[in-house]
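my_file_4.cif, holding mmCIF, C-alpha atoms:
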```cif
data_target
#
loop_
_atom_site.label_atom_id
_atom_site.label_comp_id
_atom_site.auth_asym_id
_atom_site.auth_seq_id
_atom_site.Cartn_x
_atom_site.Cartn_y
_atom_site.Cartn_z
CA MET P 563 0.00 0.00 0.00
CA SER P 564 2.99 2.28 0.33
CA GLU P 565 3.33 2.29 -3.44
CA PRO P 566 -0.15 2.63 -4.99
CA THR P 567 1.39 3.14 -8.39
CA ALA P 568 2.28 -0.57 -8.40
CA PHE P 569 -1.47 -1.38 -8.51
CA GLY P 570 -3.04 1.60 -10.27
CA ARG P 571 -2.71 4.73 -12.41
CA VAL P 572 -4.48 7.96 -13.27
CA ASP P 573 -4.59 8.99 -16.94
CA ALA P 574 -4.52 12.51 -18.34
CA ASP P 575 -8.27 13.03 -18.10
CA GLY P 576 -8.31 11.92 -14.41
CA THR P 577 -9.65 8.39 -14.89
CA VAL P 578 -8.36 6.06 -12.18
CA TYR P 579 -7.46 2.46 -13.03
CA VAL P 580 -6.58 -0.55 -10.83
CA LYS P 581 -4.24 -3.20 -12.16
CA THR P 582 -5.19 -6.91 -11.75
CA ALA P 583 -4.06 -10.17 -13.27
CA ALA P 584 -7.05 -9.95 -15.57
CA GLY P 585 -6.04 -6.46 -16.72
CA GLU P 586 -6.94 -2.92 -15.82
CA ARG P 587 -10.40 -1.65 -14.93
CA VAL P 588 -11.75 1.77 -14.11
CA VAL P 589 -12.40 2.39 -10.41
CA GLY P 590 -13.15 6.10 -10.47
CA SER P 591 -12.19 9.62 -11.55
CA TRP P 592 -9.87 12.08 -9.82
CA GLN P 593 -9.99 15.84 -10.56
CA ALA P 594 -9.23 17.33 -7.15
CA GLY P 595 -5.46 17.12 -7.18
CA THR P 596 -2.42 15.40 -8.49
CA PRO P 597 -2.52 11.84 -9.80
CA GLU P 598 -0.46 10.74 -6.77
CA GLU P 599 -3.07 12.18 -4.42
CA GLY P 600 -5.76 10.40 -6.39
CA LEU P 601 -4.02 7.04 -6.15
CA ALA P 602 -3.41 7.62 -2.42
CA HIS P 603 -7.14 8.31 -1.96
CA PHE P 604 -8.19 5.10 -3.63
CA ALA P 605 -5.38 3.22 -1.84
CA ARG P 606 -6.84 4.31 1.50
CA ARG P 607 -10.12 2.79 0.47
CA PHE P 608 -8.31 -0.45 -0.24
CA ALA P 609 -6.61 -0.20 3.14
CA ASP P 610 -10.08 -0.02 4.74
CA LEU P 611 -10.96 -3.28 3.02
CA VAL P 612 -7.72 -4.84 4.22
CA THR P 613 -8.44 -3.68 7.77
CA GLU P 614 -11.88 -5.30 7.63
CA VAL P 615 -10.34 -8.53 6.37
CA ASP P 616 -7.67 -8.38 9.09
CA LEU P 617 -10.36 -8.05 11.72
CA ILE P 618 -12.30 -11.02 10.32
CA GLU P 619 -9.13 -13.11 10.18
CA ALA P 620 -8.22 -12.20 13.77
CA ARG P 621 -11.66 -13.10 15.08
CA LEU P 622 -11.67 -16.40 13.23
CA GLY P 623 -8.24 -17.19 14.58
CA SER P 624 -9.25 -16.39 18.17
CA GLY P 625 -12.45 -18.41 17.95
CA THR P 626 -14.57 -15.51 19.20
CA ALA P 627 -16.35 -14.91 15.90
CA ASP P 628 -19.51 -16.53 14.63
CA ALA P 629 -18.08 -18.54 11.77
CA ALA P 630 -21.29 -18.35 9.74
CA HIS P 631 -21.45 -14.58 10.16
CA SER P 632 -17.77 -14.26 9.27
CA LEU P 633 -18.30 -16.42 6.20
CA ALA P 634 -21.13 -14.15 5.07
CA SER P 635 -18.88 -11.10 5.51
CA ILE P 636 -16.06 -12.79 3.60
CA ARG P 637 -18.38 -13.69 0.74
CA ARG P 638 -19.72 -10.15 0.64
CA LEU P 639 -16.18 -8.73 0.50
CA ARG P 640 -15.11 -11.33 -2.04
CA ALA P 641 -18.06 -10.53 -4.30
CA GLY P 642 -17.30 -6.83 -4.09
CA CYS P 643 -13.65 -7.17 -5.07
CA ASP P 644 -14.48 -7.23 -8.80
CA THR P 645 -16.25 -3.86 -8.61
CA ALA P 646 -14.56 -2.21 -5.65
CA HIS P 647 -13.48 1.41 -6.22
CA VAL P 648 -10.07 0.90 -4.68
CA VAL P 649 -6.45 0.74 -5.72
CA GLY P 650 -4.34 -2.04 -4.26
CA ASP P 651 -3.39 -5.69 -4.48
CA ILE P 652 -6.86 -6.88 -5.26
CA ASP P 653 -5.61 -10.25 -6.53
CA GLY P 654 -3.76 -10.81 -3.24
CA LEU P 655 -6.83 -9.72 -1.26
CA VAL P 656 -9.02 -12.09 -3.30
CA ALA P 657 -6.61 -14.96 -2.63
CA ARG P 658 -6.60 -14.09 1.03
CA LEU P 659 -10.42 -13.92 1.13
CA ASP P 660 -10.67 -17.28 -0.66
CA LYS P 661 -8.39 -18.79 1.99
CA LEU P 662 -10.38 -17.20 4.77
CA SER P 663 -13.58 -18.43 3.14
CA SER P 664 -12.31 -22.02 3.31
CA LEU P 665 -11.32 -21.52 6.94
CA ALA P 666 -14.66 -19.91 7.80
CA GLU P 667 -16.55 -22.70 6.04
CA GLU P 668 -14.58 -25.26 8.05
CA LYS P 669 -15.24 -23.46 11.29
CA ALA P 670 -18.87 -22.92 10.37
CA GLY P 671 -19.14 -26.65 9.73
CA GLU P 672 -17.53 -27.37 13.08
CA ALA P 673 -19.90 -24.91 14.73
CA ARG P 674 -22.88 -26.56 13.05
CA ALA P 675 -21.63 -29.96 14.13
CA ALA P 676 -21.13 -28.68 17.66
CA ARG P 677 -24.59 -27.16 17.66
CA GLU P 678 -26.07 -30.38 16.36
CA ALA P 679 -24.16 -32.34 19.00
CA ALA P 680 -25.30 -29.91 21.67
CA ARG P 681 -28.84 -30.12 20.35
CA ALA P 682 -28.71 -33.91 20.32
CA ASP P 683 -27.29 -33.89 23.87
CA ALA P 684 -29.97 -31.44 25.04
CA ILE P 685 -32.67 -33.58 23.43
CA ALA P 686 -31.19 -36.71 25.02
CA ARG P 687 -31.08 -35.02 28.45
CA LYS P 688 -34.63 -33.77 28.22
CA THR P 689 -35.81 -37.12 26.86
CA ALA P 690 -34.15 -38.87 29.81
CA LEU P 691 -35.87 -36.47 32.20
CA VAL P 692 -39.22 -37.07 30.49
CA GLU P 693 -38.78 -40.84 30.65
CA GLU P 694 -37.88 -40.63 34.34
CA ALA P 695 -40.95 -38.47 34.96
CA GLU P 696 -43.12 -40.98 33.09
CA SER P 697 -41.65 -43.83 35.14
CA ILE P 698 -42.38 -41.93 38.35
CA ALA P 699 -45.91 -41.21 37.20
CA ALA P 700 -46.57 -44.87 36.44
CA GLU P 701 -44.80 -46.66 39.28
CA ALA P 702 -43.65 -44.47 42.19
CA THR P 703 -45.31 -44.94 45.59
CA GLY P 704 -42.90 -42.90 47.67
CA TRP P 705 -45.12 -39.90 47.21
CA LYS P 706 -43.04 -37.18 48.86
CA THR P 707 -39.76 -38.34 47.37
CA ALA P 708 -41.32 -38.74 43.93
CA GLY P 709 -42.99 -35.31 44.12
CA ASP P 710 -39.71 -33.68 45.11
CA ARG P 711 -37.95 -35.44 42.23
CA LEU P 712 -40.49 -34.14 39.71
CA LYS P 713 -39.76 -30.60 40.93
CA GLU P 714 -36.01 -31.24 40.56
CA ILE P 715 -36.61 -32.51 37.02
CA LEU P 716 -38.43 -29.28 36.19
CA ASP P 717 -35.58 -27.18 37.62
CA GLU P 718 -33.03 -29.16 35.61
CA TRP P 719 -35.25 -28.89 32.51
CA LYS P 720 -35.04 -25.10 32.66
CA THR P 721 -31.24 -25.18 32.51
CA ILE P 722 -31.15 -27.20 29.25
CA HIS P 723 -31.10 -25.11 26.05
CA GLY P 724 -30.53 -25.71 22.34
CA VAL P 725 -33.52 -27.92 21.58
CA ASP P 726 -35.57 -26.88 18.56
CA LYS P 727 -38.99 -25.49 19.37
CA LYS P 728 -41.02 -28.38 17.95
CA THR P 729 -39.07 -31.10 19.73
CA ASP P 730 -38.99 -29.09 22.95
CA SER P 731 -42.77 -28.63 22.81
CA GLU P 732 -43.37 -32.34 22.27
CA LEU P 733 -41.08 -33.31 25.15
CA TRP P 734 -42.68 -30.70 27.42
CA LYS P 735 -46.15 -32.11 26.71
CA ARG P 736 -44.94 -35.56 27.75
CA TYR P 737 -43.41 -34.20 30.96
CA ALA P 738 -46.53 -32.19 31.81
CA ALA P 739 -48.73 -35.24 31.15
CA ALA P 740 -46.52 -37.38 33.40
CA ARG P 741 -46.61 -34.80 36.18
CA ASP P 742 -50.38 -34.48 35.93
CA GLY P 743 -50.76 -38.27 35.91
CA PHE P 744 -48.63 -38.58 39.03
CA THR P 745 -50.65 -35.86 40.76
CA ARG P 746 -53.90 -37.65 39.97
CA ARG P 747 -52.57 -41.03 41.10
CA ARG P 748 -51.21 -39.54 44.32
CA GLY P 749 -54.53 -37.80 44.97
CA ALA P 750 -56.42 -41.05 44.41
CA HIS P 751 -54.04 -42.90 46.72
CA PHE P 752 -54.49 -40.45 49.57
CA ALA P 753 -58.23 -40.36 49.02
CA THR P 754 -58.29 -44.16 49.35
CA LEU P 755 -55.95 -43.96 52.32
CA ASP P 756 -58.20 -41.42 54.04
CA ALA P 757 -61.20 -43.65 53.49
CA SER P 758 -59.25 -46.65 54.80
CA ARG P 759 -58.10 -44.70 57.85
CA LYS P 760 -61.65 -43.58 58.59
CA GLN P 761 -62.78 -47.20 58.35
CA ALA P 762 -59.87 -48.26 60.60
CA GLN P 763 -60.78 -45.49 63.03
CA GLY P 764 -64.34 -46.76 63.18
CA ARG P 765 -63.20 -50.33 63.84
CA LYS P 766 -60.75 -49.30 66.54
CA GLU P 767 -63.33 -47.07 68.20
CA GLU P 768 -65.49 -50.21 68.47
CA LEU P 769 -62.60 -52.11 70.07
CA VAL P 770 -61.97 -49.24 72.49
CA ALA P 771 -65.65 -49.02 73.43
CA GLU P 772 -65.80 -52.75 74.18
CA ALA P 773 -62.56 -52.63 76.17
CA GLU P 774 -63.87 -49.69 78.21
CA SER P 775 -67.13 -51.54 78.85
CA LEU P 776 -65.10 -54.45 80.30
CA ALA P 777 -62.86 -52.30 82.50
CA GLU P 778 -65.18 -52.71 85.57
CA SER P 779 -65.96 -56.41 84.99
CA THR P 780 -65.39 -58.91 87.80
CA ASP P 781 -65.66 -61.97 85.55
CA TRP P 782 -61.89 -62.22 85.69
CA ASN P 783 -61.10 -65.18 83.43
CA ALA P 784 -63.65 -64.52 80.68
CA THR P 785 -62.89 -60.81 80.60
CA ALA P 786 -59.12 -61.34 80.56
CA ASN P 787 -59.50 -63.73 77.63
CA ARG P 788 -61.75 -61.28 75.77
CA LEU P 789 -59.31 -58.41 76.31
CA LYS P 790 -56.54 -60.58 74.88
CA GLU P 791 -58.73 -61.27 71.85
CA LEU P 792 -59.37 -57.52 71.47
CA MET P 793 -55.62 -56.90 71.55
CA ALA P 794 -55.09 -59.45 68.78
CA GLU P 795 -57.84 -57.79 66.72
CA TRP P 796 -56.25 -54.38 67.35
CA LYS P 797 -52.91 -55.58 65.97
CA THR P 798 -54.46 -56.96 62.78
CA ALA P 799 -56.76 -53.97 62.16
CA PRO P 800 -55.58 -51.22 59.74
CA ARG P 801 -54.04 -48.08 61.22
CA ALA P 802 -55.96 -44.83 61.56
CA SER P 803 -54.26 -41.46 61.16
CA LYS P 804 -51.24 -41.03 63.42
CA GLU P 805 -52.83 -38.64 65.91
CA THR P 806 -56.12 -40.53 66.08
CA GLU P 807 -54.34 -43.88 66.36
CA GLN P 808 -52.37 -42.69 69.39
CA LYS P 809 -55.44 -41.28 71.15
CA LEU P 810 -57.44 -44.47 70.59
CA TRP P 811 -54.51 -46.60 71.73
CA ASP P 812 -54.18 -44.58 74.94
CA ARG P 813 -57.85 -45.18 75.71
CA PHE P 814 -57.61 -48.87 74.81
CA ARG P 815 -54.55 -49.37 76.99
CA ALA P 816 -56.09 -47.40 79.88
CA ALA P 817 -59.15 -49.70 79.83
CA GLN P 818 -56.90 -52.77 79.87
CA ASP P 819 -54.76 -51.39 82.67
CA ALA P 820 -57.84 -50.55 84.72
CA PHE P 821 -59.21 -54.09 84.46
CA PHE P 822 -55.94 -55.91 85.03
CA GLY P 823 -55.03 -53.55 87.86
CA ARG P 824 -58.29 -54.34 89.64
CA ARG P 825 -57.88 -58.05 88.96
CA SER P 826 -54.36 -57.95 90.34
CA GLU P 827 -55.60 -56.30 93.53
CA VAL P 828 -58.36 -58.90 93.95
CA PHE P 829 -56.02 -61.77 93.21
CA SER P 830 -53.45 -60.40 95.61
CA ALA P 831 -56.06 -60.19 98.36
CA ARG P 832 -57.30 -63.67 97.47
CA ASP P 833 -53.78 -65.03 97.53
CA ALA P 834 -53.25 -63.49 100.94
CA GLU P 835 -56.48 -65.15 102.16
CA LEU P 836 -55.44 -68.49 100.64
CA ARG P 837 -52.04 -68.25 102.32
CA GLY P 838 -53.77 -67.57 105.66
CA ASN P 839 -56.02 -70.59 105.10
CA LEU P 840 -52.98 -72.66 104.26
CA ASP P 841 -51.30 -71.71 107.53
CA ARG P 842 -54.48 -72.61 109.46
CA LYS P 843 -54.92 -75.99 107.70
CA GLN P 844 -51.29 -76.81 108.30
CA GLU P 845 -51.90 -76.18 112.03
CA LEU P 846 -55.01 -78.40 111.96
CA LEU P 847 -53.13 -81.09 110.06
CA ALA P 848 -50.37 -81.03 112.65
CA GLN P 849 -53.00 -81.54 115.36
CA ALA P 850 -54.62 -84.41 113.41
CA GLU P 851 -51.31 -86.16 112.80
CA ALA P 852 -50.51 -85.83 116.52
CA ILE P 853 -53.70 -87.70 117.61
CA ASP P 854 -52.94 -90.86 119.69
CA VAL P 855 -55.17 -93.34 117.90
CA ASP P 856 -54.10 -96.50 119.77
CA ALA P 857 -54.79 -95.12 123.23
CA ASP P 858 -58.47 -94.36 122.60
CA PRO P 859 -59.85 -94.85 119.08
CA ARG P 860 -63.21 -93.23 119.95
CA ALA P 861 -61.61 -90.14 121.41
CA ALA P 862 -59.30 -90.02 118.39
CA GLN P 863 -62.34 -90.16 116.09
CA ALA P 864 -64.06 -87.38 118.02
CA LYS P 865 -60.97 -85.22 117.86
CA LEU P 866 -60.66 -85.86 114.13
CA ARG P 867 -64.32 -84.81 113.59
CA GLU P 868 -63.63 -81.61 115.45
CA ILE P 869 -60.58 -80.96 113.29
CA GLN P 870 -62.54 -81.82 110.13
CA GLY P 871 -65.22 -79.29 111.01
CA GLN P 872 -62.62 -76.57 111.46
CA TRP P 873 -60.90 -77.79 108.29
CA HIS P 874 -64.03 -77.28 106.20
CA ASP P 875 -64.74 -73.91 107.82
CA THR P 876 -61.25 -72.68 107.01
CA GLY P 877 -61.88 -72.45 103.28
CA ARG P 878 -59.72 -72.91 100.19
CA VAL P 879 -55.94 -72.97 100.02
CA PRO P 880 -53.57 -72.49 97.03
CA ARG P 881 -54.22 -75.21 94.47
CA ASP P 882 -50.66 -76.51 94.47
CA SER P 883 -50.91 -77.18 98.22
CA ALA P 884 -54.46 -78.56 98.42
CA LEU P 885 -53.78 -82.10 97.19
CA GLY P 886 -50.88 -82.67 99.56
CA LEU P 887 -52.86 -81.45 102.57
CA ASP P 888 -55.93 -83.55 101.68
CA ARG P 889 -53.75 -86.61 101.16
CA ARG P 890 -52.16 -86.25 104.59
CA LEU P 891 -55.55 -85.72 106.26
CA ARG P 892 -56.96 -88.84 104.53
CA ALA P 893 -54.02 -90.77 105.88
CA VAL P 894 -55.04 -89.75 109.40
CA GLU P 895 -58.65 -90.70 108.60
CA ASP P 896 -57.52 -94.11 107.33
CA ARG P 897 -55.41 -94.68 110.41
CA ILE P 898 -58.34 -93.88 112.73
CA LYS P 899 -60.70 -96.00 110.60
CA HIS P 900 -58.44 -99.02 110.93
CA ALA P 901 -58.31 -98.50 114.67
CA MET P 902 -62.09 -98.21 114.85
CA ASP P 903 -62.50 -101.33 112.71
CA ALA P 904 -60.47 -103.24 115.20
CA ALA P 905 -62.61 -101.90 118.05
CA TRP P 906 -65.83 -102.71 116.23
CA ARG P 907 -64.76 -106.25 115.62
CA ARG P 908 -64.46 -106.59 119.36
CA THR P 909 -67.94 -105.11 119.97
CA PRO P 910 -71.29 -106.43 118.63
CA PRO P 911 -72.75 -103.94 116.16
CA GLU P 912 -76.16 -103.79 117.85
CA SER P 913 -74.62 -102.77 121.13
CA SER P 914 -72.07 -100.36 119.67
CA PRO P 915 -72.69 -96.83 121.01
CA LEU P 916 -70.16 -95.53 118.47
CA LEU P 917 -72.27 -96.79 115.56
CA ALA P 918 -75.33 -95.09 117.00
CA GLN P 919 -73.34 -91.91 117.45
CA MET P 920 -72.16 -92.04 113.86
CA ARG P 921 -75.78 -92.42 112.63
CA GLU P 922 -76.72 -89.36 114.67
CA GLN P 923 -73.84 -87.44 113.12
CA VAL P 924 -74.98 -88.41 109.61
CA ALA P 925 -78.49 -87.18 110.43
CA GLU P 926 -77.10 -83.91 111.78
CA ALA P 927 -74.97 -83.51 108.64
CA GLU P 928 -78.07 -84.04 106.49
CA GLN P 929 -79.90 -81.35 108.46
CA ARG P 930 -77.02 -78.88 108.03
CA LEU P 931 -77.05 -79.54 104.27
CA ALA P 932 -80.80 -78.93 104.14
CA ARG P 933 -80.43 -75.63 106.00
CA ALA P 934 -77.60 -74.52 103.65
CA GLN P 935 -79.69 -75.42 100.61
CA ALA P 936 -82.63 -73.48 101.98
CA ALA P 937 -80.40 -70.45 102.54
CA GLY P 938 -78.94 -70.72 99.03
CA ASP P 939 -75.39 -70.33 100.41
CA THR P 940 -73.18 -71.99 97.80
CA ARG P 941 -70.10 -72.20 100.00
CA ARG P 942 -72.03 -73.72 102.95
CA ILE P 943 -73.78 -76.18 100.63
CA ARG P 944 -70.44 -77.35 99.22
CA GLU P 945 -68.89 -77.74 102.67
CA ALA P 946 -72.01 -79.49 104.08
CA GLU P 947 -71.98 -81.94 101.13
CA GLN P 948 -68.32 -82.74 101.74
CA ALA P 949 -68.91 -83.28 105.49
CA LEU P 950 -72.00 -85.50 104.88
CA ALA P 951 -70.14 -87.60 102.31
CA SER P 952 -67.28 -88.14 104.76
CA LYS P 953 -69.62 -89.18 107.64
CA ARG P 954 -71.63 -91.47 105.39
CA ARG P 955 -68.44 -93.14 104.24
CA PHE P 956 -67.38 -93.79 107.83
CA LEU P 957 -70.87 -95.09 108.69
CA GLU P 958 -70.93 -97.45 105.70
CA LEU P 959 -67.52 -98.77 106.61
CA ALA P 960 -68.63 -99.25 110.19
CA GLU P 961 -71.86 -101.05 109.27
CA HIS P 962 -70.09 -103.23 106.74
CA SER P 963 -67.49 -104.22 109.27
CA GLY P 964 -70.24 -105.14 111.72
#
```
Produce structure tokens that represent the structure in this file.
Amino acid sequence: MSEPTAFGRVDADGTVYVKTAAGERVVGSWQAGTPEEGLAHFARRFADLVTEVDLIEARLGSGTADAAHSLASIRRLRAGCDTAHVVGDIDGLVARLDKLSSLAEEKAGEARAAREAARADAIARKTALVEEAESIAAEATGWKTAGDRLKEILDEWKTIHGVDKKTDSELWKRYAAARDGFTRRRGAHFATLDASRKQAQGRKEELVAEAESLAESTDWNATANRLKELMAEWKTAPRASKETEQKLWDRFRAAQDAFFGRRSEVFSARDAELRGNLDRKQELLAQAEAIDVDADPRAAQAKLREIQGQWHDTGRVPRDSALGLDRRLRAVEDRIKHAMDAAWRRTPPESSPLLAQMREQVAEAEQRLARAQAAGDTRRIREAEQALASKRRFLELAEHSG
């Protein structure tokens, strides 16, 4: 550019020419000064073109330019070279623009490929999100976790760009449909759950009401068994809502505790009574076992009857002790019976005052039983029956021996 005359000339009438490999062509007219000034003017125009090309080349080289935009600029400049009103190395500029055009086309192709790759990646990411949303909508039962994940999918969706409008719209419709489907399914689930919990609440209120009705019962065994059955039914019944379930359970447990607490108090008192009876019967048994049968069988029998009367009046003892006590007392009875048998064998039956006495005792026992039956006293009836059976047994043995 320092020597415009190498690429142009001005003829005598002021016409300005530029020199190219294809020959000269007119680029303008100069009348305002010397030919040198005219060439310099048109050379500055060429320099402006060169500057624009330099800028394009620099931007392409740095990678900051839009290759497609740069290519359009290059093609515009290249097309204008044949008619440009400039003086300079147009052939060199054309060659340079052709080279830049190839470079810009390459970079534009790379950019298109990158965009297509980015678009494909964006589509793949959004498709994966849609498919996950559809899977959640169809299968998920962890409602809170699934709902949170759908919100995360939406947030991630908003960060993904580069998908063409049509594809993006189609994918969005799928996501929205999946989200709506999940919302409907979740709503239906909780509606069913609410209905189930209300039904469970009704059933457990029935169990609580029955348990509370049994809290004051004194039918200890039957009630205890029924409360155990109610507990088993409680465990197998569906759960009500958390708050309601706890309140109902507190009432159910309070009713149970009230009954079993009362039963425990009664049983404790009964056990104390049975232990007292046991102590008394052990004292009576010690007296019976200490009777001297051989010295006077009749006196021994009388003493035994006295002890037996007190024995029956004493009442029940713990079950695990009853059999042993009764067995020991029967042993005393057997020992006295054998002694009496021996005495009877030595005395004619018709003259035996003991036999007459025993018949009187049987008659008295029958009268006591009749009085107990008339009074309707179950305990006295049971004791009178036991005493009568014992006296009749002794009488039968005595009569048989006679």
Query raised in the report: Mind pulling up the distance from CA of Ala568 (chain P) to CA of Leu662 (chain P)?
Result: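 Interatomic distance here is 24.7 Å.
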Query - Evaluate the PyMOL selection byres ((chain P and resi 780) around 12) and report residues as a PyMOL selection string - result: chain P and resi 775-779+781-786+820-829
Next, the residues of the selection above should be written as an mmCIF file, in the coordinates of the input with C-alpha atoms.
```cif
data_model
loop_
_atom_site.group_PDB
_atom_site.id
_atom_site.type_symbol
_atom_site.label_atom_id
_atom_site.label_comp_id
_atom_site.auth_asym_id
_atom_site.auth_seq_id
_atom_site.Cartn_x
_atom_site.Cartn_y
_atom_site.Cartn_z
ATOM 1 C CA SER P 775 -67.130 -51.540 78.850
ATOM 2 C CA LEU P 776 -65.100 -54.450 80.300
ATOM 3 C CA ALA P 777 -62.860 -52.300 82.500
ATOM 4 C CA GLU P 778 -65.180 -52.710 85.570
ATOM 5 C CA SER P 779 -65.960 -56.410 84.990
ATOM 6 C CA ASP P 781 -65.660 -61.970 85.550
ATOM 7 C CA TRP P 782 -61.890 -62.220 85.690
ATOM 8 C CA ASN P 783 -61.100 -65.180 83.430
ATOM 9 C CA ALA P 784 -63.650 -64.520 80.680
ATOM 10 C CA THR P 785 -62.890 -60.810 80.600
ATOM 11 C CA ALA P 786 -59.120 -61.340 80.560
ATOM 12 C CA ALA P 820 -57.840 -50.550 84.720
ATOM 13 C CA PHE P 821 -59.210 -54.090 84.460
ATOM 14 C CA PHE P 822 -55.940 -55.910 85.030
ATOM 15 C CA GLY P 823 -55.030 -53.550 87.860
ATOM 16 C CA ARG P 824 -58.290 -54.340 89.640
ATOM 17 C CA ARG P 825 -57.880 -58.050 88.960
ATOM 18 C CA SER P 826 -54.360 -57.950 90.340
ATOM 19 C CA GLU P 827 -55.600 -56.300 93.530
ATOM 20 C CA VAL P 828 -58.360 -58.900 93.950
ATOM 21 C CA PHE P 829 -56.020 -61.770 93.210
#
```
Query raised in the report: Which neighbours of Pro800 (chain P) fall inside 12 Å, counting all atoms listed in the file, when residues of the same chain fewer than 5 positions from it are skipped, and could you give them as a PyMOL selection string?
Result: chain P and resi 755-766+795+807
Report task. Convert the output of the PyMOL selection byres ((chain P and resi 640-646) around 8) on the shown file into explicit residues, formatted as a VMD selection string. Result -> chain P and resid 589 636 to 639 647 to 648 652 656 659 to 660
Query - Non-local contacts of Val612 (chain P) (10 Å; all atoms listed in the file; under 5 positions in same chain excluded) as a list in words - result: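 So, after excluding close chain neighbours, the residues are Arg606, Arg607, Leu617, Ile618, Gly650, Asp651, Ile652, Leu655, Arg658 and Leu659 of chain P.
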